[in-house]
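Enquirer: First the structure, then my questions, so here it is.
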Amino acid sequence: MTTAAAFEKARAEGRAALVGYLPAGYPSVDGAIDAFKAMIDSGVDIVEVGLPYSDPLMDGPVIQTAVEAALRNGANTGDVLRTVEAVAAATDAPTLVMSYWNPIDRYGVDRFARDLAAAGGAGVITPDLIPDEAGDWLPAARRDDLDTVFLVAPSSTDERIALTTEACRGFVYAASTMGVTGTRDQVGGAAAELVARTRKTTGLPVAVGLGVSDAAQAAEVAGFADGVIVGSAFVRCLLEADDAAAGARTAAALAGELARGVRHRP
Amino acid sequence: MATTVVSVSETPNATTQSETPGRFGPYGGRYVPEALVAALDELDREYQAAVADPAFGAELGGLLKSYTGRPTPITEAGRFGAEAASGARILLKREDLNHTGSHKINNVLGQALLTKRIGKKRVIAETGAGQHGVATATAAALMGLECVIYMGEEDTRRQALNVARMELLGATVVPVSTGSRTLKDAINEALRDWVTNVDTTNYVFGTVAGPHPFPTLVRDLQRIIGVEARQQVLELTGKLPDAVAACVGGGSNAIGIFHAFIDDAEVALYGYEAGGDGIDTGRHASTISAGSPGVLHGARSYLLQDEYGQTIESHSISAGLDYPGVGPEHSWLSDSGRAAYESVTDADAMEAFRLLCRTEGIIPAIESSHALAGARRLGAKLGPGAVILVNLSGRGDKDVDTAARWFGLLDEQNQPSSVTEEK
């Protein structure tokens, strides 16, 4: 299924789509693949496979801990592509890579687009690549029919939101708060306003990330956005589990809870 | 020399000016979360306005003169030249004589004034050796700004005295325990803070790296080193130097002294990177000499990275040079051939450190000792009488512990080793 089709399906069901993130390679490459499958079985519609990176400047301590462990275990770009291939082959969920720019730049922009498409990947989310610097990436992604997901932030001007959504394909990632990844008590009032401002510039789905960790928050965000993105809360399930199987079970349970959340708008 | 109006408004040299703002050839740019773009735009806008405002230049110039002690002198290191640099004339640009002990204060006073102009009340900064942290804490105290300094845990240990100094000045020092626990990780943590608190906070970046406008902004604020030095060398020798030598971590002191000479084709420019145990050992911080182009901390430039684009941890005896990236303008100066970048090992730097202490009565920063080691090499290459301008970017007070251990003068308990032997 394409990313657009996944959002369309959720919309037709009168709900928001649930997007789940884990880094590849934690607790192991296969452990992450199993966790992704379990999350999708329990209601996650779209997955983000994080490419572990040494300098993740938008990530908070939870994701950073898992990513550092993945890197210590030797996780590399090839493992990320293998994860995408396994998840895409076993499920119907669009599988995107979330990556800081340098690992893709180093791998080779055209080569990465080609290999990701061949692995069945749906696209790439780029937290530190703004459209202004995406001159190499956009044509490569378009050529291989990959989604290009850029972020908008509460501090973005209307002009920048328009510039960013113009470069997006698949969906627009709205960062709910100014800050890094991590669960928060409140999602932040800026998110609804940001989604409304973003919708004025594009017909693409707008998904909200940063800070969502439970069903109530998912329901709240589902009230104003097309998608709810959850990362740190899933990663925490794996970090706190005794073993990989237990981690996948906890992540699946959280996915089920969040899936109910996105179906119950306040 | 007139210093009341600072030269930040002078036209950048044609050699490195790029048609796209913030680009130096293929290097530079802005690889940052969208959340930071508004703040970077604001900083750039306010900086342009400040440059066009004579009052800003006058205020900064006044501070540089009355608070920092500019212009810094040129000292001819006659004994060092004769005994350690093959008879070359070694001219030291004495940035070590600045208030707070290094060139860092030039940049920080400008950025702190900009922070006030923007109306923000809090500044954050990263620091490696502590020089930039101390300078930022100093400017924040002077201007009544809240100040938080991020410093790698490893560096807080290496530079404990500078941590105390920052705290005495009223700053909060946050030890960073992620990654390599050095300067690279302090920058990551400061950027995370900035993404979160950008409404109230300005990031006083310490070097000519990072996203646009920092490489340009910091360069312009450090240009005064070269502008002064060029005139001083002309007055002293009647001609331009044959070569200019500076150490390069991120590269702010080097770009500061290089920039005034870029259009002087007859002046050779040499940047000396930290070679640690030697490039071939893999334990070094020689980014241009042994790295490759990529993106780190918001800019495209040379960096130390593996085949997957993961940053490789750097190593140097000098915390201030222990950084796997470098400013984008240096990458372009290297590619274009205008400046040469070479590696200096810990051992060579420490030998130059020792020689300057003994021949001139000046204890240099270990960072600057890399440039002094480079000057010794240049002396051998250029021959007796060659005029070599060296940027003595900082003084070595902060490095006395490290140096004393290196030379076996202190034991692990910080006791004089000679006393230990007598026990």
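Numbering starts fresh at 1 for the residues of each chain in the structure tokens, the chains themselves are lettered A, B, ... in the order given, and ligands are numbered from 1 as they appear.
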DSSP says alpha helix (DSSP H) for which residues of range 165-336 of chain B? Put them as an MDAnalysis selection string?
Expert: chainID B and resid 165:168 183:197 214:237 252:258 287:290 328:335
Enquirer: Go ahead and write the selection's residues with C-alpha atoms as a PDB file, in the first residue's frame.
Expert:
ATOM      1  CA  ARG B 165      35.888  29.744  36.149  1.00  0.00           C
ATOM      2  CA  MET B 166      32.590  29.595  34.243  1.00  0.00           C
ATOM      3  CA  GLU B 167      30.678  28.912  37.438  1.00  0.00           C
ATOM      4  CA  LEU B 168      32.394  31.802  39.207  1.00  0.00           C
ATOM      5  CA  LEU B 183      33.015  18.962  22.008  1.00  0.00           C
ATOM      6  CA  LYS B 184      31.019  17.210  19.267  1.00  0.00           C
ATOM      7  CA  ASP B 185      28.452  15.998  21.776  1.00  0.00           C
ATOM      8  CA  ALA B 186      28.369  19.344  23.565  1.00  0.00           C
ATOM      9  CA  ILE B 187      27.332  20.910  20.242  1.00  0.00           C
ATOM     10  CA  ASN B 188      24.577  18.294  19.779  1.00  0.00           C
ATOM     11  CA  GLU B 189      23.269  19.023  23.253  1.00  0.00           C
ATOM     12  CA  ALA B 190      23.390  22.783  22.769  1.00  0.00           C
ATOM     13  CA  LEU B 191      21.486  22.410  19.485  1.00  0.00           C
ATOM     14  CA  ARG B 192      18.862  20.321  21.289  1.00  0.00           C
ATOM     15  CA  ASP B 193      18.512  23.033  23.916  1.00  0.00           C
ATOM     16  CA  TRP B 194      18.222  25.636  21.172  1.00  0.00           C
ATOM     17  CA  VAL B 195      15.494  23.722  19.320  1.00  0.00           C
ATOM     18  CA  THR B 196      13.558  23.586  22.587  1.00  0.00           C
ATOM     19  CA  ASN B 197      14.132  27.131  23.863  1.00  0.00           C
ATOM     20  CA  PHE B 214      27.424  31.105  11.952  1.00  0.00           C
ATOM     21  CA  PRO B 215      30.421  30.435   9.656  1.00  0.00           C
ATOM     22  CA  THR B 216      30.107  33.926   8.198  1.00  0.00           C
ATOM     23  CA  LEU B 217      29.125  35.681  11.402  1.00  0.00           C
ATOM     24  CA  VAL B 218      31.939  34.201  13.485  1.00  0.00           C
ATOM     25  CA  ARG B 219      34.430  34.732  10.658  1.00  0.00           C
ATOM     26  CA  ASP B 220      33.527  38.400  10.408  1.00  0.00           C
ATOM     27  CA  LEU B 221      33.850  38.867  14.154  1.00  0.00           C
ATOM     28  CA  GLN B 222      37.291  37.219  14.112  1.00  0.00           C
ATOM     29  CA  ARG B 223      38.573  39.053  11.011  1.00  0.00           C
ATOM     30  CA  ILE B 224      39.956  41.753  13.270  1.00  0.00           C
ATOM     31  CA  ILE B 225      42.876  39.451  14.130  1.00  0.00           C
ATOM     32  CA  GLY B 226      44.128  39.411  10.563  1.00  0.00           C
ATOM     33  CA  VAL B 227      43.212  43.013   9.830  1.00  0.00           C
ATOM     34  CA  GLU B 228      45.344  44.172  12.761  1.00  0.00           C
ATOM     35  CA  ALA B 229      48.128  41.680  12.100  1.00  0.00           C
ATOM     36  CA  ARG B 230      48.473  42.549   8.424  1.00  0.00           C
ATOM     37  CA  GLN B 231      49.009  46.211   9.239  1.00  0.00           C
ATOM     38  CA  GLN B 232      51.305  45.425  12.174  1.00  0.00           C
ATOM     39  CA  VAL B 233      53.531  43.140  10.114  1.00  0.00           C
ATOM     40  CA  LEU B 234      53.750  45.765   7.370  1.00  0.00           C
ATOM     41  CA  GLU B 235      54.763  48.367   9.943  1.00  0.00           C
ATOM     42  CA  LEU B 236      57.308  46.057  11.552  1.00  0.00           C
ATOM     43  CA  THR B 237      58.928  44.518   8.482  1.00  0.00           C
ATOM     44  CA  SER B 252      37.811  30.376  14.020  1.00  0.00           C
ATOM     45  CA  ASN B 253      41.223  31.732  14.982  1.00  0.00           C
ATOM     46  CA  ALA B 254      42.650  30.482  11.688  1.00  0.00           C
ATOM     47  CA  ILE B 255      39.966  32.072   9.527  1.00  0.00           C
ATOM     48  CA  GLY B 256      40.288  35.204  11.651  1.00  0.00           C
ATOM     49  CA  ILE B 257      43.946  35.658  10.811  1.00  0.00           C
ATOM     50  CA  PHE B 258      43.793  34.194   7.270  1.00  0.00           C
ATOM     51  CA  THR B 287      39.574  16.625   9.587  1.00  0.00           C
ATOM     52  CA  ILE B 288      40.729  18.108   6.291  1.00  0.00           C
ATOM     53  CA  SER B 289      43.949  16.098   6.100  1.00  0.00           C
ATOM     54  CA  ALA B 290      42.223  12.746   6.666  1.00  0.00           C
ATOM     55  CA  PRO B 328      33.101  25.047   5.706  1.00  0.00           C
ATOM     56  CA  GLU B 329      35.193  27.992   4.540  1.00  0.00           C
ATOM     57  CA  HIS B 330      38.335  26.040   5.441  1.00  0.00           C
ATOM     58  CA  SER B 331      37.111  23.126   3.346  1.00  0.00           C
ATOM     59  CA  TRP B 332      36.760  25.489   0.421  1.00  0.00           C
ATOM     60  CA  LEU B 333      40.124  27.181   1.040  1.00  0.00           C
ATOM     61  CA  SER B 334      41.657  23.704   1.009  1.00  0.00           C
ATOM     62  CA  ASP B 335      39.892  22.481  -2.134  1.00  0.00           C
TER      63      ASP B 335
END
Enquirer: As number ranges by chain, please: every residue in range 52-271 of chain B that DSSP puts in strand (DSSP E or B).
Expert: B: 74-76, 89-94, 102, 122-127, 146-152, 172-176, 201-203, 243-248, 268-271
Enquirer: How many Å separate CA of Val262 in chain A from CA of Arg160 in chain A?
Expert: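 Computed distance, CA of Val262 in chain A to CA of Arg160 in chain A, equals 28.6 Å.
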Enquirer: Give me, as a PyMOL selection string, the residues of chain A touching chain B, with the criterion being at most 7 Å (counting only C-alpha atoms).
Expert: chain A and resi 53-55+57-58+76-77+102-103+105-107+127-130+151-153+155-156+178-180
Enquirer: With distances taken over only C-alpha atoms, which of B:Arg395, B:Arg405, B:Gly271, B:Leu389 is nearest to Ala339 in chain B?
Expert: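 Smallest separation from Ala339 in chain B among the options: B:Gly271.
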